[in-house]
Amino acid sequence: MARRLRLISGLILFTYVVTHFVNHGLGIVSIKAMEMMLSVVYPVWSYPPVTLVLYGALVIHMTLALHALWQRRSLKLSLHESVQYVLGFSVPLLLAEHVTDTRIDAAFYGGDFGHYRYLLSALWYDHPEKGVLQMALLLAAWIHACVGLRFWLRAKPWYDALQPLLFAAALLMPVVALLGYVAGGREIGVVLAHDPGYVARLLADEPPPEARPALSAISWGIRFGFLGAIVALLIARTVRHEWWRRKGVARISYPNGRSIEVVHGFTVLEASRLLGVPHAAICGGKGRCSTCRVRVRGAPGALPEPNSEELRVLRQIGSPPDVRLACQLRPRGPVEVTPLLPTFVPARDALRRPIYAQGGERQIAVLFADIRDFTRVTETKLPYDVVFLLNRYCRAMGEAIEASGGRVDKFTGDGVMALFGLQTDGSDACRQALTAARHMSTQLVVLNEALAPDLHAPLAMGIGVHFGPAIVGDIGDRGWRSLTAVGDTVNTASRLEALCKVYNCELVVSDDLLAVSGVEFQNARPRDVKIRGRVGSITIHTFRSARELPDRLKASA
């Protein structure tokens, strides 16, 4: 709820800033253009209910920023967090002068700031130091807003496509506003050159001299009040840390043998940053994504139950019980954690990364297929013709696998490996694998017909399918990572494919897969065989052609 309020209040303030920037930018045209737009937007922003919303958003946003600083268990900040806090906390300090000299001046001392000629004259020729502060305020507010918006929007599916346009807008908006401010000041200078008393007459509407100390006191009171709140909060954090340290600490251990002891209340993500352990967190540790997720193991009582925000994200990604969000998990005792996402994974890829890619054992069906005597088929062909033939074959087999609900793991020349059951249960996975085998055989017939003029003999294929436990996850390094499966189930499926040549058939299926599929086949030919690298025998079923499988596979009653 607090994060949502901070976002909403920030968007209200951002809208206000954008209208100001557009208004300032019109100074490139003329001061008259600036005042024409001001006559439209000023009545809106000064309307009492809107003013209440605006000031309320400012107070809420700054209060929640202090609350966020209070919630942090460590002040070791990343670069973008440091920029956000420094710029965000500088805005009230810079804004105090502006609010005092405009709204409070007009409301209590009769100041007239309702047009740009007055403001530009005051900031350029009466108090130029205030003009410098206003430009600093402009840049601080804009950069703070843009950094915050980026971390909110980068998780959106359309962000990558629009990012160049958003970056251009973020860069040009303050530049145009500053150019408009400079152009307006130069226009006042031209008038002043012909009428030396022009600025003095405009500034005659300033509050009387006796009111200036009161305005200055209000301005500095706002600054010291805000700085005092920050100092008080930091002192309170120190007292809290000492209190928690006396109550006890929790040890957090990482896979590389490193560990850290933190007081109760620290999140795993904060502990990682304190220890210097790289840890992905594209939303900045605000619980709006799942990229900081970890696999965790702890003693009884060491792991608190997930809060509502964490539980929502975990349910959305379908995580197992031992996966938690590092930015939300606050251990109460010793725990072992393993970050599940590499820090170099781009934001878009990280959000799309499925839960099964994190690594773990799953019950899956594995299919291997290979073209028989492919060397003989291609020995008289030109290299380009071989590439063309393989691409046609891979495309046809890949479409058959994906249409059946499987995932192509890899193509290795004339061979293909596919996985079934990454997002389904065992029986569905087995039926999907059998359906894929039938579709692949059908596609091979179509491919042979299309390539008949170019082939001395039709292509023949062997398919092996097995079901069982396998280790599934992204394996590799940096740009060469890919989802794959390893283990005895994968090796056995590969051996079954090789048996197609021994039994002169197109399809070899393990009895384990047929049993789990729940489908009975009258024309299956069972055999007990020895598999190299496997203890004991395994029962297999051979099919002369995968097209012998029924078109619609249903579990037997």
# chains A, B, ... in the order shown; residues from 1 in each chain; ligands from 1

call {"tool": "residues_around", "arguments": {"residues": "range 495-504 of chain A", "least_positions_apart": "4", "cutoff": "8 Å", "atoms": "only C-alpha atoms", "output": "PyMOL selection string"}}
result
chain A and resi 368-370+372+462-466+491+508-510+531-532+542+544

call {"tool": "write_last_selection", "arguments": {"atoms": "N, CA, C and O atoms", "output": "short mmCIF file (atom, residue, chain, number, x, y, z; two decimals), in the first residue's frame"}}
result
data_model
loop_
_atom_site.label_atom_id
_atom_site.label_comp_id
_atom_site.auth_asym_id
_atom_site.auth_seq_id
_atom_site.Cartn_x
_atom_site.Cartn_y
_atom_site.Cartn_z
N PHE A 368 14.19 -37.91 -28.34
CA PHE A 368 15.33 -37.77 -29.25
C PHE A 368 14.92 -38.27 -30.63
O PHE A 368 14.21 -39.28 -30.75
N ALA A 369 15.36 -37.57 -31.66
CA ALA A 369 15.09 -38.00 -33.04
C ALA A 369 16.34 -37.76 -33.87
O ALA A 369 17.11 -36.82 -33.61
N ASP A 370 16.51 -38.61 -34.89
CA ASP A 370 17.72 -38.52 -35.71
C ASP A 370 17.43 -39.08 -37.10
O ASP A 370 16.66 -40.04 -37.23
N ARG A 372 18.24 -41.22 -40.24
CA ARG A 372 19.03 -42.42 -40.48
C ARG A 372 19.94 -42.23 -41.71
O ARG A 372 19.52 -41.71 -42.74
N GLY A 462 14.64 -42.05 -36.75
CA GLY A 462 14.46 -42.84 -35.54
C GLY A 462 14.09 -41.92 -34.40
O GLY A 462 14.67 -40.84 -34.25
N ILE A 463 13.11 -42.35 -33.57
CA ILE A 463 12.64 -41.53 -32.45
C ILE A 463 12.64 -42.38 -31.19
O ILE A 463 12.13 -43.50 -31.18
N GLY A 464 13.22 -41.84 -30.13
CA GLY A 464 13.21 -42.50 -28.82
C GLY A 464 12.59 -41.58 -27.79
O GLY A 464 12.92 -40.39 -27.74
N VAL A 465 11.68 -42.13 -26.96
CA VAL A 465 10.99 -41.32 -25.96
C VAL A 465 11.01 -42.05 -24.63
O VAL A 465 10.72 -43.25 -24.56
N HIS A 466 11.34 -41.30 -23.57
CA HIS A 466 11.39 -41.89 -22.22
C HIS A 466 10.87 -40.87 -21.22
O HIS A 466 10.90 -39.66 -21.47
N ASN A 491 19.77 -39.56 -20.91
CA ASN A 491 20.66 -40.56 -21.51
C ASN A 491 19.86 -41.77 -22.02
O ASN A 491 20.14 -42.31 -23.10
N VAL A 508 10.77 -45.97 -30.67
CA VAL A 508 10.98 -46.80 -29.48
C VAL A 508 10.54 -45.99 -28.27
O VAL A 508 11.02 -44.87 -28.04
N VAL A 509 9.60 -46.57 -27.49
CA VAL A 509 9.05 -45.88 -26.32
C VAL A 509 9.26 -46.76 -25.10
O VAL A 509 9.06 -47.97 -25.15
N SER A 510 9.66 -46.14 -23.99
CA SER A 510 9.85 -46.91 -22.76
C SER A 510 8.50 -47.28 -22.16
O SER A 510 7.50 -46.57 -22.33
N ILE A 531 20.41 -51.41 -21.45
CA ILE A 531 20.82 -50.09 -21.91
C ILE A 531 22.21 -49.79 -21.37
O ILE A 531 22.45 -49.92 -20.16
N ARG A 532 23.12 -49.42 -22.26
CA ARG A 532 24.48 -49.10 -21.84
C ARG A 532 24.47 -47.93 -20.85
O ARG A 532 23.82 -46.91 -21.06
N THR A 542 8.27 -51.07 -29.35
CA THR A 542 8.70 -50.59 -30.67
C THR A 542 7.51 -50.46 -31.60
O THR A 542 6.55 -51.25 -31.54
N ARG A 544 6.73 -49.82 -35.78
CA ARG A 544 7.31 -49.75 -37.13
C ARG A 544 7.28 -48.32 -37.64
O ARG A 544 8.23 -47.84 -38.26
#

call {"tool": "closest_residue", "arguments": {"among": "A:Leu514, A:Asp528, A:Tyr16, A:Glu81", "to": "Val44 in chain A", "atoms": "only C-alpha atoms"}}
result
A:Tyr16

call {"tool": "atom_distance", "arguments": {"atom1": "CA of Pro174 in chain A", "atom2": "CA of Gly25 in chain A"}}
result
8.5 Å

call {"tool": "select_by_dssp", "arguments": {"residues": "range 257-295 of chain A", "states": "strand (DSSP E or B)", "output": "PyMOL selection string"}}
result
chain A and resi 259-263+293-295

call {"tool": "write_last_selection", "arguments": {"atoms": "N, CA, C and O atoms", "output": "PDB file, in the first residue's frame"}}
result
ATOM      1  N   SER A 259      29.499 -15.871   4.072  1.00  0.00           N
ATOM      2  CA  SER A 259      28.347 -15.718   4.949  1.00  0.00           C
ATOM      3  C   SER A 259      28.447 -14.375   5.660  1.00  0.00           C
ATOM      4  O   SER A 259      29.507 -13.734   5.689  1.00  0.00           O
ATOM      5  N   ILE A 260      27.342 -13.943   6.234  1.00  0.00           N
ATOM      6  CA  ILE A 260      27.289 -12.678   6.942  1.00  0.00           C
ATOM      7  C   ILE A 260      26.280 -12.785   8.066  1.00  0.00           C
ATOM      8  O   ILE A 260      25.269 -13.469   7.928  1.00  0.00           O
ATOM      9  N   GLU A 261      26.588 -12.147   9.184  1.00  0.00           N
ATOM     10  CA  GLU A 261      25.652 -12.079  10.291  1.00  0.00           C
ATOM     11  C   GLU A 261      24.997 -10.708  10.292  1.00  0.00           C
ATOM     12  O   GLU A 261      25.680  -9.680  10.260  1.00  0.00           O
ATOM     13  N   VAL A 262      23.678 -10.688  10.305  1.00  0.00           N
ATOM     14  CA  VAL A 262      22.923  -9.436  10.298  1.00  0.00           C
ATOM     15  C   VAL A 262      21.926  -9.468  11.441  1.00  0.00           C
ATOM     16  O   VAL A 262      21.505 -10.539  11.888  1.00  0.00           O
ATOM     17  N   VAL A 263      21.563  -8.290  11.905  1.00  0.00           N
ATOM     18  CA  VAL A 263      20.578  -8.227  12.978  1.00  0.00           C
ATOM     19  C   VAL A 263      19.208  -8.586  12.417  1.00  0.00           C
ATOM     20  O   VAL A 263      18.957  -8.486  11.214  1.00  0.00           O
ATOM     21  N   ARG A 293      14.645 -13.435  -6.474  1.00  0.00           N
ATOM     22  CA  ARG A 293      14.223 -14.652  -5.781  1.00  0.00           C
ATOM     23  C   ARG A 293      15.406 -15.576  -5.483  1.00  0.00           C
ATOM     24  O   ARG A 293      16.376 -15.655  -6.235  1.00  0.00           O
ATOM     25  N   VAL A 294      15.297 -16.277  -4.383  1.00  0.00           N
ATOM     26  CA  VAL A 294      16.349 -17.173  -3.923  1.00  0.00           C
ATOM     27  C   VAL A 294      15.728 -18.499  -3.499  1.00  0.00           C
ATOM     28  O   VAL A 294      14.575 -18.560  -3.093  1.00  0.00           O
ATOM     29  N   ARG A 295      16.518 -19.543  -3.601  1.00  0.00           N
ATOM     30  CA  ARG A 295      16.139 -20.806  -2.985  1.00  0.00           C
ATOM     31  C   ARG A 295      16.735 -20.797  -1.583  1.00  0.00           C
ATOM     32  O   ARG A 295      17.923 -20.529  -1.419  1.00  0.00           O
TER      33      ARG A 295
END

call {"tool": "closest_residue", "arguments": {"among": "A:Arg525, A:His279, A:Lys286, A:Arg534", "to": "Asp488 in chain A", "atoms": "only C-alpha atoms"}}
result
A:Arg534

call {"tool": "atom_distance", "arguments": {"atom1": "CA of Glu520 in chain A", "atom2": "CA of Gly426 in chain A"}}
result
16.0 Å

call {"tool": "closest_residue", "arguments": {"among": "A:Gly285, A:His264, A:Asp428, A:Val53", "to": "Glu242 in chain A", "atoms": "only C-alpha atoms"}}
result
A:His264

call {"tool": "residues_around", "arguments": {"residues": "range 388-405 of chain A", "least_positions_apart": "6", "cutoff": "6 Å", "atoms": "only C-alpha atoms", "output": "PDB file with C-alpha atoms, in the first residue's frame"}}
result
ATOM      1  CA  GLN A 432       2.295 -34.755 -25.662  1.00  0.00           C
ATOM      2  CA  ALA A 436       4.788 -35.098 -31.174  1.00  0.00           C
ATOM      3  CA  HIS A 439       3.306 -35.465 -35.989  1.00  0.00           C
ATOM      4  CA  MET A 440       7.053 -35.650 -36.670  1.00  0.00           C
TER       5      MET A 440
END
